[in-house]
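To start, the structure itself, in structure tokens.
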Amino acid sequence: MATHELHFEDGVLEFQQDVEWITSAFPEADPNWRGTDSNGHQHHAVVDSEHVTYPTLKLVAGEPYWCAECQDEHTDTWWECSVCGEKVTPGTRPSTPKPITRSQQYFWDGEPISTERANEIMQRQYRAEIEARRLTVRPPIGRRVHLASDPRTAVTVVPTAEGVPGDVVTVMHDGTGRMETLSLSNLLGARL
């Protein structure tokens, strides 16, 4: 059983996980696979959000058929070159072990708590960290900062007009060039 601790100002959140590593007997797609069909067309694997895809191949399905052994209908599929239609078998590798959480327990300062309460504590801490990163002084011109409403959105600080209060800043949105004057409370201080 693995034990982890998160230390906060008002206490310690401890969580214990019973994790089992599972390996399948079946191979999995090799994300590093590259191959060339008999017509010279090159093919490769691409990892797309944890799934392996093949941009130069198309998945083809055969006609459905009845399997007398398992008493069910099946449809066979295979990969073909999208240019010439040749059947291509992408490379595989042995299955990678994957963790499966069997049980999980949370403790706040040594006392058992529910998963919901643990999530509340972690969310509270996350909000406190975001709040602590808010800007309190106008950032220098040219600095890239993030919007508090969407921390993934970056903007660049540009000169602000004279006479504007010190708690606002003018920014330029990346990619569009759109200018906007915002309160400092709308920005996070994290750099890209």
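Here, A, B, ... name the chains of the structure tokens in the order displayed, residue numbers run from 1 inside each chain, and ligands are numbered from 1 in the same displayed order.
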
Who sits within 10 Å of Val60 in chain A, only C-alpha atoms, same chain under 4 positions skipped, as a PyMOL selection string:
chain A and resi 76-80+85+87

Please produce an output containing all heavy atoms for each residue in the selection, written as a PDB file, in the first residue's frame.
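Heads up, here's the output in again17.pdb:
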ATOM      1  N   ASP A  76     -14.569  -8.565 -38.787  1.00  0.00           N
ATOM      2  CA  ASP A  76     -13.114  -8.424 -38.785  1.00  0.00           C
ATOM      3  C   ASP A  76     -12.739  -7.058 -39.330  1.00  0.00           C
ATOM      4  O   ASP A  76     -13.396  -6.523 -40.231  1.00  0.00           O
ATOM      5  CB  ASP A  76     -12.470  -9.513 -39.650  1.00  0.00           C
ATOM      6  CG  ASP A  76     -12.635 -10.896 -39.048  1.00  0.00           C
ATOM      7  OD1 ASP A  76     -12.755 -10.998 -37.810  1.00  0.00           O
ATOM      8  OD2 ASP A  76     -12.651 -11.876 -39.813  1.00  0.00           O
ATOM      9  N   THR A  77     -11.670  -6.465 -38.765  1.00  0.00           N
ATOM     10  CA  THR A  77     -11.152  -5.183 -39.238  1.00  0.00           C
ATOM     11  C   THR A  77      -9.664  -5.316 -39.513  1.00  0.00           C
ATOM     12  O   THR A  77      -8.991  -6.181 -38.950  1.00  0.00           O
ATOM     13  CB  THR A  77     -11.388  -4.064 -38.208  1.00  0.00           C
ATOM     14  OG1 THR A  77     -10.734  -4.404 -36.984  1.00  0.00           O
ATOM     15  CG2 THR A  77     -12.870  -3.829 -37.958  1.00  0.00           C
ATOM     16  N   TRP A  78      -9.159  -4.449 -40.370  1.00  0.00           N
ATOM     17  CA  TRP A  78      -7.732  -4.414 -40.690  1.00  0.00           C
ATOM     18  C   TRP A  78      -7.396  -3.030 -41.210  1.00  0.00           C
ATOM     19  O   TRP A  78      -8.264  -2.231 -41.536  1.00  0.00           O
ATOM     20  CB  TRP A  78      -7.369  -5.507 -41.714  1.00  0.00           C
ATOM     21  CG  TRP A  78      -8.099  -5.386 -43.011  1.00  0.00           C
ATOM     22  CD1 TRP A  78      -7.723  -4.684 -44.117  1.00  0.00           C
ATOM     23  CD2 TRP A  78      -9.357  -5.977 -43.331  1.00  0.00           C
ATOM     24  NE1 TRP A  78      -8.654  -4.796 -45.100  1.00  0.00           N
ATOM     25  CE2 TRP A  78      -9.672  -5.596 -44.649  1.00  0.00           C
ATOM     26  CE3 TRP A  78     -10.247  -6.797 -42.641  1.00  0.00           C
ATOM     27  CZ2 TRP A  78     -10.835  -5.986 -45.287  1.00  0.00           C
ATOM     28  CZ3 TRP A  78     -11.409  -7.197 -43.291  1.00  0.00           C
ATOM     29  CH2 TRP A  78     -11.684  -6.796 -44.587  1.00  0.00           C
ATOM     30  N   TRP A  79      -6.094  -2.744 -41.268  1.00  0.00           N
ATOM     31  CA  TRP A  79      -5.592  -1.460 -41.750  1.00  0.00           C
ATOM     32  C   TRP A  79      -5.165  -1.595 -43.199  1.00  0.00           C
ATOM     33  O   TRP A  79      -4.573  -2.594 -43.589  1.00  0.00           O
ATOM     34  CB  TRP A  79      -4.405  -0.995 -40.915  1.00  0.00           C
ATOM     35  CG  TRP A  79      -4.760  -0.653 -39.504  1.00  0.00           C
ATOM     36  CD1 TRP A  79      -4.596  -1.434 -38.395  1.00  0.00           C
ATOM     37  CD2 TRP A  79      -5.348   0.555 -39.046  1.00  0.00           C
ATOM     38  NE1 TRP A  79      -5.050  -0.785 -37.277  1.00  0.00           N
ATOM     39  CE2 TRP A  79      -5.512   0.455 -37.647  1.00  0.00           C
ATOM     40  CE3 TRP A  79      -5.750   1.725 -39.680  1.00  0.00           C
ATOM     41  CZ2 TRP A  79      -6.057   1.462 -36.882  1.00  0.00           C
ATOM     42  CZ3 TRP A  79      -6.294   2.740 -38.909  1.00  0.00           C
ATOM     43  CH2 TRP A  79      -6.447   2.607 -37.521  1.00  0.00           C
ATOM     44  N   GLU A  80      -5.452  -0.554 -43.997  1.00  0.00           N
ATOM     45  CA  GLU A  80      -5.016  -0.489 -45.381  1.00  0.00           C
ATOM     46  C   GLU A  80      -4.364   0.853 -45.640  1.00  0.00           C
ATOM     47  O   GLU A  80      -4.733   1.860 -45.034  1.00  0.00           O
ATOM     48  CB  GLU A  80      -6.206  -0.638 -46.347  1.00  0.00           C
ATOM     49  CG  GLU A  80      -6.788  -2.006 -46.419  1.00  0.00           C
ATOM     50  CD  GLU A  80      -7.925  -2.103 -47.445  1.00  0.00           C
ATOM     51  OE1 GLU A  80      -8.286  -1.066 -48.054  1.00  0.00           O
ATOM     52  OE2 GLU A  80      -8.439  -3.221 -47.627  1.00  0.00           O
ATOM     53  N   GLY A  85      -4.348   1.008 -50.976  1.00  0.00           N
ATOM     54  CA  GLY A  85      -5.259  -0.013 -50.480  1.00  0.00           C
ATOM     55  C   GLY A  85      -4.600  -1.298 -50.026  1.00  0.00           C
ATOM     56  O   GLY A  85      -5.289  -2.254 -49.675  1.00  0.00           O
ATOM     57  N   LYS A  87      -3.031  -4.007 -47.644  1.00  0.00           N
ATOM     58  CA  LYS A  87      -3.215  -4.328 -46.230  1.00  0.00           C
ATOM     59  C   LYS A  87      -1.881  -4.141 -45.508  1.00  0.00           C
ATOM     60  O   LYS A  87      -0.844  -4.633 -45.958  1.00  0.00           O
ATOM     61  CB  LYS A  87      -3.703  -5.766 -46.071  1.00  0.00           C
ATOM     62  CG  LYS A  87      -4.042  -6.144 -44.655  1.00  0.00           C
ATOM     63  CD  LYS A  87      -4.623  -7.546 -44.583  1.00  0.00           C
ATOM     64  CE  LYS A  87      -4.963  -7.923 -43.162  1.00  0.00           C
ATOM     65  NZ  LYS A  87      -5.526  -9.268 -43.071  1.00  0.00           N
TER      66      LYS A  87
END

Select from range 1-175 of chain A everything DSSP, run on the backbone, classes as strand (DSSP E or B), then give the selection as a PyMOL selection string.
chain A and resi 2-8+11-22+28-29+34-36+42-44+46-48+51-53+57-61+65-67+72-74+77-81+87-88+92-93+98-108+111-113+134+144-147+154-158+168-173

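Between Met1 in chain A and the candidates A:Thr36, A:Thr156, A:Gln16, A:Thr53, the tightest atom-to-atom separation, counting only C-alpha atoms, involves A:Gln16.
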
Taking 2 positions as the minimum chain separation for residues in the same chain, which residues sit within 12 Å of Ile121 in chain A when counting only C-alpha atoms? Answer as an MDAnalysis selection string.
chainID A and resid 6:14 106:108 113:119 123:128

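Taking CA of Asp18 in chain A as the reference point, CA of Glu120 in chain A is found at 21.8 Å.
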
Excluding Val52 in chain A and its own-chain neighbours fewer than 3 positions away, which residues fall within 7 Å of it when counting only C-alpha atoms? Please give them as an mmCIF file with N, CA, C and O atoms, in the first residue's frame.
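As a result, selection-v3.cif now contains:
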data_model
loop_
_atom_site.group_PDB
_atom_site.id
_atom_site.type_symbol
_atom_site.label_atom_id
_atom_site.label_comp_id
_atom_site.auth_asym_id
_atom_site.auth_seq_id
_atom_site.Cartn_x
_atom_site.Cartn_y
_atom_site.Cartn_z
ATOM 1 N N ALA A 29 -0.434 -1.502 -29.343
ATOM 2 C CA ALA A 29 0.137 -0.770 -30.468
ATOM 3 C C ALA A 29 1.469 -0.136 -30.053
ATOM 4 O O ALA A 29 1.597 0.404 -28.960
ATOM 5 N N PRO A 31 3.853 2.817 -30.260
ATOM 6 C CA PRO A 31 3.782 4.225 -30.676
ATOM 7 C C PRO A 31 4.988 4.656 -31.510
ATOM 8 O O PRO A 31 4.955 5.704 -32.150
ATOM 9 N N ALA A 45 3.140 5.462 -36.724
ATOM 10 C CA ALA A 45 2.178 5.636 -35.636
ATOM 11 C C ALA A 45 2.319 7.032 -35.045
ATOM 12 O O ALA A 45 3.405 7.619 -35.067
ATOM 13 N N VAL A 46 1.212 7.556 -34.527
ATOM 14 C CA VAL A 46 1.200 8.858 -33.855
ATOM 15 C C VAL A 46 0.413 8.686 -32.562
ATOM 16 O O VAL A 46 -0.662 8.088 -32.565
ATOM 17 N N VAL A 47 0.942 9.206 -31.452
ATOM 18 C CA VAL A 47 0.215 9.159 -30.187
ATOM 19 C C VAL A 47 -0.652 10.409 -30.107
ATOM 20 O O VAL A 47 -0.168 11.525 -30.167
ATOM 21 N N ASP A 48 -1.966 10.196 -30.005
ATOM 22 C CA ASP A 48 -2.929 11.287 -29.961
ATOM 23 C C ASP A 48 -3.776 11.128 -28.706
ATOM 24 O O ASP A 48 -4.638 10.265 -28.653
#

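Take CA of Thr56 in chain A and CA of Asp37 in chain A: the distance between them is 11.2 Å.
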